[in-house]
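Trainee: Here it is: the structure, laid out below.
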Amino acid sequence: MRKIITIAICACFLSTGLFAQQDAMFTKYMFNSLVYNPAYAGAKDHMSIGVLHRTQWWGIDGAPTTQTVTAHTPLRNERVGVGFNATNDVIGPTHTIQANLSYAYRIPVGDKSKLAIGIQGGVISWRADWNKLSLEEQGDAAYDETEPSFILPNFGGGIYFYNKKFYMGLGVPHLLEYDLRDKGLDGGEIQTAVWAKQYRHYFFSTGVAIPIKGDMIIFKPSILIKNVGLLQGLAKDEVYQNFGAPTEFDIDLSFLFYEALWVGASFRSAIEAFDDTSSFDSVDLWASYYLANGFRIGAAYDYTLTKLQGPAQGSFEVMLGYEFNYKSKQLVTPRYF
């Protein structure tokens, strides 16, 4: 089973017909929203720092493990927010590191809402060690270079509309798409019918905060929709129009108690699941707690609903963050979003 998983993971990178979502997936996306949308920079109106670790399909060798670091803050000019995010992602024999700087300009809409327009720029380092694989067919041209590596610049953009009780955003963290064929052993193009391509990903998110008992109990439903290849039908190369990543969604229902304890549950699947072309992915439970000194801790567990339920023991995340007020340097209660 472990060998099958490793081969499947590699196929996601090297097959035109088996593309999956390449950007890292998180259960608690609201704790590192800057990874998906640069327009989120400064949205909390104070500096916020967070780190998150995810182990996916625990118990399977070569399964994804991911870490992110995010930091963002408004500047003294309250219309400007800046941020930084970095991601370390290991899947089987592949290793991706990316880092980005974000800039958001926030425009007041009425008395209580803001519309932020954000951009980001950074680099992606991708490398692989095919020596870690046990190939069934030797001499495959796709694996001729045993340790390929790329350093690729990229930039992204996003918009984010929000107030105290509602938010909606669209982020495209990587606008550039790269054809990764062009690095064979001799520096020339690999002559093979299948190759890797870095696809553009789209992230749409929205949520509301509904007071149940004043500020003591807040109900917060939210949804994140992840899409690959939204405009791929316009690609000049017909091969790039053929991809297999479904449009995935996360529906989350959570409660915030006394602006300190945050608990929730979510369901992850694909829109295509309802016409039997995909499968339900997981049911997730999570909790987060804001300490009086400004620290935030949290954890999440995903119960797998796919055929990986047997060999895998679910997925989990752990989070740590810090919130503080930029102006007065005093700790503040958490924002709903």
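Ligands are numbered from 1 in the order shown, residues from 1 within each chain, and chains are lettered A, B, ... in the order they appear in the structure tokens.
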Residues near Asn85 of chain A, anyone? I mean within 6 Å using only C-alpha atoms, not counting same-chain ones fewer than 6 positions away, as a list in words.
Mentor: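 Residues near the query, excluding close chain neighbours: Val69, Thr70, Ala99 and Asn100 of chain A.
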Trainee: Store the residues picked out above in a file with all heavy atoms, as an mmCIF file, in the first residue's frame.
Mentor:
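Here's the written file selection.cif:
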```cif
data_model
loop_
_atom_site.group_PDB
_atom_site.id
_atom_site.type_symbol
_atom_site.label_atom_id
_atom_site.label_comp_id
_atom_site.auth_asym_id
_atom_site.auth_seq_id
_atom_site.Cartn_x
_atom_site.Cartn_y
_atom_site.Cartn_z
ATOM 1 N N VAL A 69 4.364 29.636 8.129
ATOM 2 C CA VAL A 69 4.598 30.761 9.036
ATOM 3 C C VAL A 69 3.980 31.989 8.389
ATOM 4 O O VAL A 69 4.234 32.272 7.204
ATOM 5 C CB VAL A 69 6.098 30.999 9.274
ATOM 6 C CG1 VAL A 69 6.310 32.211 10.174
ATOM 7 C CG2 VAL A 69 6.748 29.766 9.885
ATOM 8 N N THR A 70 3.149 32.704 9.125
ATOM 9 C CA THR A 70 2.546 33.927 8.607
ATOM 10 C C THR A 70 2.707 35.054 9.620
ATOM 11 O O THR A 70 2.650 34.821 10.837
ATOM 12 C CB THR A 70 1.044 33.743 8.300
ATOM 13 O OG1 THR A 70 0.356 33.351 9.501
ATOM 14 C CG2 THR A 70 0.828 32.683 7.235
ATOM 15 N N ALA A 99 8.261 31.381 -0.273
ATOM 16 C CA ALA A 99 8.198 32.544 0.614
ATOM 17 C C ALA A 99 7.664 33.724 -0.174
ATOM 18 O O ALA A 99 8.008 33.909 -1.352
ATOM 19 C CB ALA A 99 9.574 32.859 1.187
ATOM 20 N N ASN A 100 6.804 34.542 0.477
ATOM 21 C CA ASN A 100 6.164 35.659 -0.201
ATOM 22 C C ASN A 100 6.070 36.869 0.712
ATOM 23 O O ASN A 100 5.869 36.737 1.927
ATOM 24 C CB ASN A 100 4.741 35.272 -0.643
ATOM 25 C CG ASN A 100 4.719 34.142 -1.633
ATOM 26 O OD1 ASN A 100 4.992 34.325 -2.808
ATOM 27 N ND2 ASN A 100 4.397 32.947 -1.149
#
```
Trainee: Grab the atom CA of Gly298 of chain A to atom CA of Val318 of chain A distance for me, in Å with one decimal place.
Mentor: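 Taking atom CA of Gly298 of chain A and atom CA of Val318 of chain A, their separation equals 5.8 Å.
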Trainee: For the structure I just gave you, how does DSSP split segment 66-128 of chain A - specifically, which residues are strand (DSSP E or B)? Reply as a PyMOL selection string.
Mentor: chain A and resi 66-74+80-91+94-109+113-128
Trainee: Go ahead and compute the interatomic distance for atom CA of Leu176 of chain A and atom CA of Tyr36 of chain A, in Å to one decimal.
Mentor: 15.0 Å
Trainee: Env of Leu253 of chain A: 9 Å cut, atoms = only C-alpha atoms, seq-sep filter 4 positions within chain, self excluded. Answer as a PDB file with N, CA, C and O atoms, in the first residue's frame.
Mentor:
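The new file part-v2.pdb reads:
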```
ATOM      1  N   PHE A 219     -21.737  32.357  16.623  1.00  0.00           N
ATOM      2  CA  PHE A 219     -21.799  31.257  15.661  1.00  0.00           C
ATOM      3  C   PHE A 219     -21.186  31.727  14.353  1.00  0.00           C
ATOM      4  O   PHE A 219     -21.555  32.777  13.822  1.00  0.00           O
ATOM      5  N   LYS A 220     -20.233  30.957  13.836  1.00  0.00           N
ATOM      6  CA  LYS A 220     -19.528  31.386  12.639  1.00  0.00           C
ATOM      7  C   LYS A 220     -19.485  30.272  11.592  1.00  0.00           C
ATOM      8  O   LYS A 220     -18.618  29.402  11.642  1.00  0.00           O
ATOM      9  N   PRO A 221     -20.405  30.272  10.634  1.00  0.00           N
ATOM     10  CA  PRO A 221     -20.295  29.356   9.491  1.00  0.00           C
ATOM     11  C   PRO A 221     -19.409  29.980   8.411  1.00  0.00           C
ATOM     12  O   PRO A 221     -19.409  31.198   8.213  1.00  0.00           O
ATOM     13  N   SER A 222     -18.648  29.153   7.720  1.00  0.00           N
ATOM     14  CA  SER A 222     -17.785  29.655   6.655  1.00  0.00           C
ATOM     15  C   SER A 222     -17.562  28.567   5.619  1.00  0.00           C
ATOM     16  O   SER A 222     -17.814  27.379   5.875  1.00  0.00           O
ATOM     17  N   ILE A 223     -17.069  28.978   4.448  1.00  0.00           N
ATOM     18  CA  ILE A 223     -16.782  28.025   3.383  1.00  0.00           C
ATOM     19  C   ILE A 223     -15.556  28.490   2.615  1.00  0.00           C
ATOM     20  O   ILE A 223     -15.339  29.695   2.426  1.00  0.00           O
ATOM     21  N   VAL A 263     -14.435  26.406  18.962  1.00  0.00           N
ATOM     22  CA  VAL A 263     -14.548  24.997  18.595  1.00  0.00           C
ATOM     23  C   VAL A 263     -15.389  24.884  17.327  1.00  0.00           C
ATOM     24  O   VAL A 263     -16.295  25.698  17.091  1.00  0.00           O
ATOM     25  N   GLY A 264     -15.078  23.876  16.529  1.00  0.00           N
ATOM     26  CA  GLY A 264     -15.830  23.743  15.294  1.00  0.00           C
ATOM     27  C   GLY A 264     -15.694  22.376  14.659  1.00  0.00           C
ATOM     28  O   GLY A 264     -14.928  21.517  15.109  1.00  0.00           O
ATOM     29  N   ALA A 265     -16.466  22.183  13.596  1.00  0.00           N
ATOM     30  CA  ALA A 265     -16.424  20.963  12.804  1.00  0.00           C
ATOM     31  C   ALA A 265     -16.590  21.353  11.344  1.00  0.00           C
ATOM     32  O   ALA A 265     -17.251  22.348  11.020  1.00  0.00           O
ATOM     33  N   SER A 266     -15.978  20.577  10.471  1.00  0.00           N
ATOM     34  CA  SER A 266     -16.054  20.893   9.048  1.00  0.00           C
ATOM     35  C   SER A 266     -16.157  19.619   8.223  1.00  0.00           C
ATOM     36  O   SER A 266     -15.875  18.514   8.693  1.00  0.00           O
TER      37      SER A 266
END
```
Trainee: Between atom CA of Trp57 of chain A and atom CA of Ala24 of chain A, what is the distance in Å, rounded to a tenth?
Mentor: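 Separation of atom CA of Trp57 of chain A and atom CA of Ala24 of chain A: 13.6 Å.
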Trainee: Please list as a list of chain:residue names every residue within 9 Å of segment 285-293 of chain A, counting only C-alpha atoms and excluding residues in the same chain fewer than 5 positions away.
Mentor: A:Thr27, A:Lys28, A:Ser254, A:Glu259, A:Ala260, A:Leu261, A:Trp262, A:Val263, A:Gly264, A:Ala265, A:Ser266, A:Gly298, A:Ala299, A:Ala300, A:Tyr301, A:Asp302, A:Tyr303, A:Glu317, A:Met319, A:Gly321, A:Tyr322, A:Glu323, A:Leu331, A:Thr333, A:Pro334
Trainee: Could those selected residues go to a file with N, CA and C atoms, as a PDB file, in the first residue's frame?
Mentor:
```pdb
ATOM      1  N   THR A  27      -6.905  22.319   7.126  1.00  0.00           N
ATOM      2  CA  THR A  27      -8.244  22.278   7.713  1.00  0.00           C
ATOM      3  C   THR A  27      -8.610  23.623   8.316  1.00  0.00           C
ATOM      4  N   LYS A  28      -7.677  24.238   9.025  1.00  0.00           N
ATOM      5  CA  LYS A  28      -7.966  25.510   9.669  1.00  0.00           C
ATOM      6  C   LYS A  28      -7.359  26.646   8.865  1.00  0.00           C
ATOM      7  N   SER A 254     -18.613  26.718  13.367  1.00  0.00           N
ATOM      8  CA  SER A 254     -17.858  26.864  14.613  1.00  0.00           C
ATOM      9  C   SER A 254     -18.561  27.822  15.562  1.00  0.00           C
ATOM     10  N   GLU A 259     -15.119  34.954  23.607  1.00  0.00           N
ATOM     11  CA  GLU A 259     -13.974  35.492  22.859  1.00  0.00           C
ATOM     12  C   GLU A 259     -12.665  34.803  23.253  1.00  0.00           C
ATOM     13  N   ALA A 260     -12.765  33.533  23.643  1.00  0.00           N
ATOM     14  CA  ALA A 260     -11.569  32.797  24.078  1.00  0.00           C
ATOM     15  C   ALA A 260     -11.526  31.388  23.491  1.00  0.00           C
ATOM     16  N   LEU A 261     -12.566  30.588  23.718  1.00  0.00           N
ATOM     17  CA  LEU A 261     -12.589  29.209  23.252  1.00  0.00           C
ATOM     18  C   LEU A 261     -13.344  29.121  21.934  1.00  0.00           C
ATOM     19  N   TRP A 262     -12.686  28.570  20.929  1.00  0.00           N
ATOM     20  CA  TRP A 262     -13.252  28.457  19.589  1.00  0.00           C
ATOM     21  C   TRP A 262     -13.259  26.985  19.196  1.00  0.00           C
ATOM     22  N   VAL A 263     -14.435  26.406  18.962  1.00  0.00           N
ATOM     23  CA  VAL A 263     -14.548  24.997  18.595  1.00  0.00           C
ATOM     24  C   VAL A 263     -15.389  24.884  17.327  1.00  0.00           C
ATOM     25  N   GLY A 264     -15.078  23.876  16.529  1.00  0.00           N
ATOM     26  CA  GLY A 264     -15.830  23.743  15.294  1.00  0.00           C
ATOM     27  C   GLY A 264     -15.694  22.376  14.659  1.00  0.00           C
ATOM     28  N   ALA A 265     -16.466  22.183  13.596  1.00  0.00           N
ATOM     29  CA  ALA A 265     -16.424  20.963  12.804  1.00  0.00           C
ATOM     30  C   ALA A 265     -16.590  21.353  11.344  1.00  0.00           C
ATOM     31  N   SER A 266     -15.978  20.577  10.471  1.00  0.00           N
ATOM     32  CA  SER A 266     -16.054  20.893   9.048  1.00  0.00           C
ATOM     33  C   SER A 266     -16.157  19.619   8.223  1.00  0.00           C
ATOM     34  N   GLY A 298      -4.026  25.768  19.182  1.00  0.00           N
ATOM     35  CA  GLY A 298      -5.137  25.047  18.584  1.00  0.00           C
ATOM     36  C   GLY A 298      -4.704  23.731  17.975  1.00  0.00           C
ATOM     37  N   ALA A 299      -5.685  22.893  17.667  1.00  0.00           N
ATOM     38  CA  ALA A 299      -5.419  21.606  17.050  1.00  0.00           C
ATOM     39  C   ALA A 299      -6.635  21.188  16.236  1.00  0.00           C
ATOM     40  N   ALA A 300      -6.390  20.368  15.212  1.00  0.00           N
ATOM     41  CA  ALA A 300      -7.467  19.868  14.363  1.00  0.00           C
ATOM     42  C   ALA A 300      -7.183  18.422  14.001  1.00  0.00           C
ATOM     43  N   TYR A 301      -8.251  17.651  13.818  1.00  0.00           N
ATOM     44  CA  TYR A 301      -8.123  16.253  13.415  1.00  0.00           C
ATOM     45  C   TYR A 301      -9.093  15.981  12.271  1.00  0.00           C
ATOM     46  N   ASP A 302      -8.600  15.351  11.204  1.00  0.00           N
ATOM     47  CA  ASP A 302      -9.420  14.987  10.049  1.00  0.00           C
ATOM     48  C   ASP A 302      -9.667  13.479  10.067  1.00  0.00           C
ATOM     49  N   TYR A 303     -10.918  13.092  10.026  1.00  0.00           N
ATOM     50  CA  TYR A 303     -11.272  11.674   9.905  1.00  0.00           C
ATOM     51  C   TYR A 303     -11.509  11.387   8.429  1.00  0.00           C
ATOM     52  N   GLU A 317      -3.520  18.728  12.614  1.00  0.00           N
ATOM     53  CA  GLU A 317      -2.820  20.010  12.574  1.00  0.00           C
ATOM     54  C   GLU A 317      -2.649  20.536  13.986  1.00  0.00           C
ATOM     55  N   MET A 319      -1.466  24.355  15.902  1.00  0.00           N
ATOM     56  CA  MET A 319      -1.314  25.776  15.598  1.00  0.00           C
ATOM     57  C   MET A 319      -0.827  26.526  16.825  1.00  0.00           C
ATOM     58  N   GLY A 321      -0.133  30.844  17.755  1.00  0.00           N
ATOM     59  CA  GLY A 321      -0.134  32.210  17.236  1.00  0.00           C
ATOM     60  C   GLY A 321      -0.049  33.222  18.349  1.00  0.00           C
ATOM     61  N   TYR A 322       0.150  34.458  17.952  1.00  0.00           N
ATOM     62  CA  TYR A 322       0.210  35.557  18.916  1.00  0.00           C
ATOM     63  C   TYR A 322      -0.491  36.770  18.327  1.00  0.00           C
ATOM     64  N   GLU A 323      -1.361  37.394  19.115  1.00  0.00           N
ATOM     65  CA  GLU A 323      -2.110  38.575  18.705  1.00  0.00           C
ATOM     66  C   GLU A 323      -1.767  39.743  19.637  1.00  0.00           C
ATOM     67  N   LEU A 331      -2.753  43.852  24.721  1.00  0.00           N
ATOM     68  CA  LEU A 331      -3.415  42.678  24.154  1.00  0.00           C
ATOM     69  C   LEU A 331      -4.863  42.982  23.890  1.00  0.00           C
ATOM     70  N   THR A 333      -8.808  41.375  22.428  1.00  0.00           N
ATOM     71  CA  THR A 333      -9.596  40.178  22.192  1.00  0.00           C
ATOM     72  C   THR A 333      -9.573  39.853  20.698  1.00  0.00           C
ATOM     73  N   PRO A 334      -9.774  38.602  20.333  1.00  0.00           N
ATOM     74  CA  PRO A 334      -9.628  38.200  18.949  1.00  0.00           C
ATOM     75  C   PRO A 334     -10.709  38.754  18.037  1.00  0.00           C
TER      76      PRO A 334
END
```
Trainee: Restricting the calculation to only C-alpha atoms: of A:Thr73, A:Thr66, A:Ser282, A:Ser125, which residue gets closest to Arg54 of chain A?
Mentor: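 Of all the options, A:Thr66 lies closest to Arg54 of chain A.
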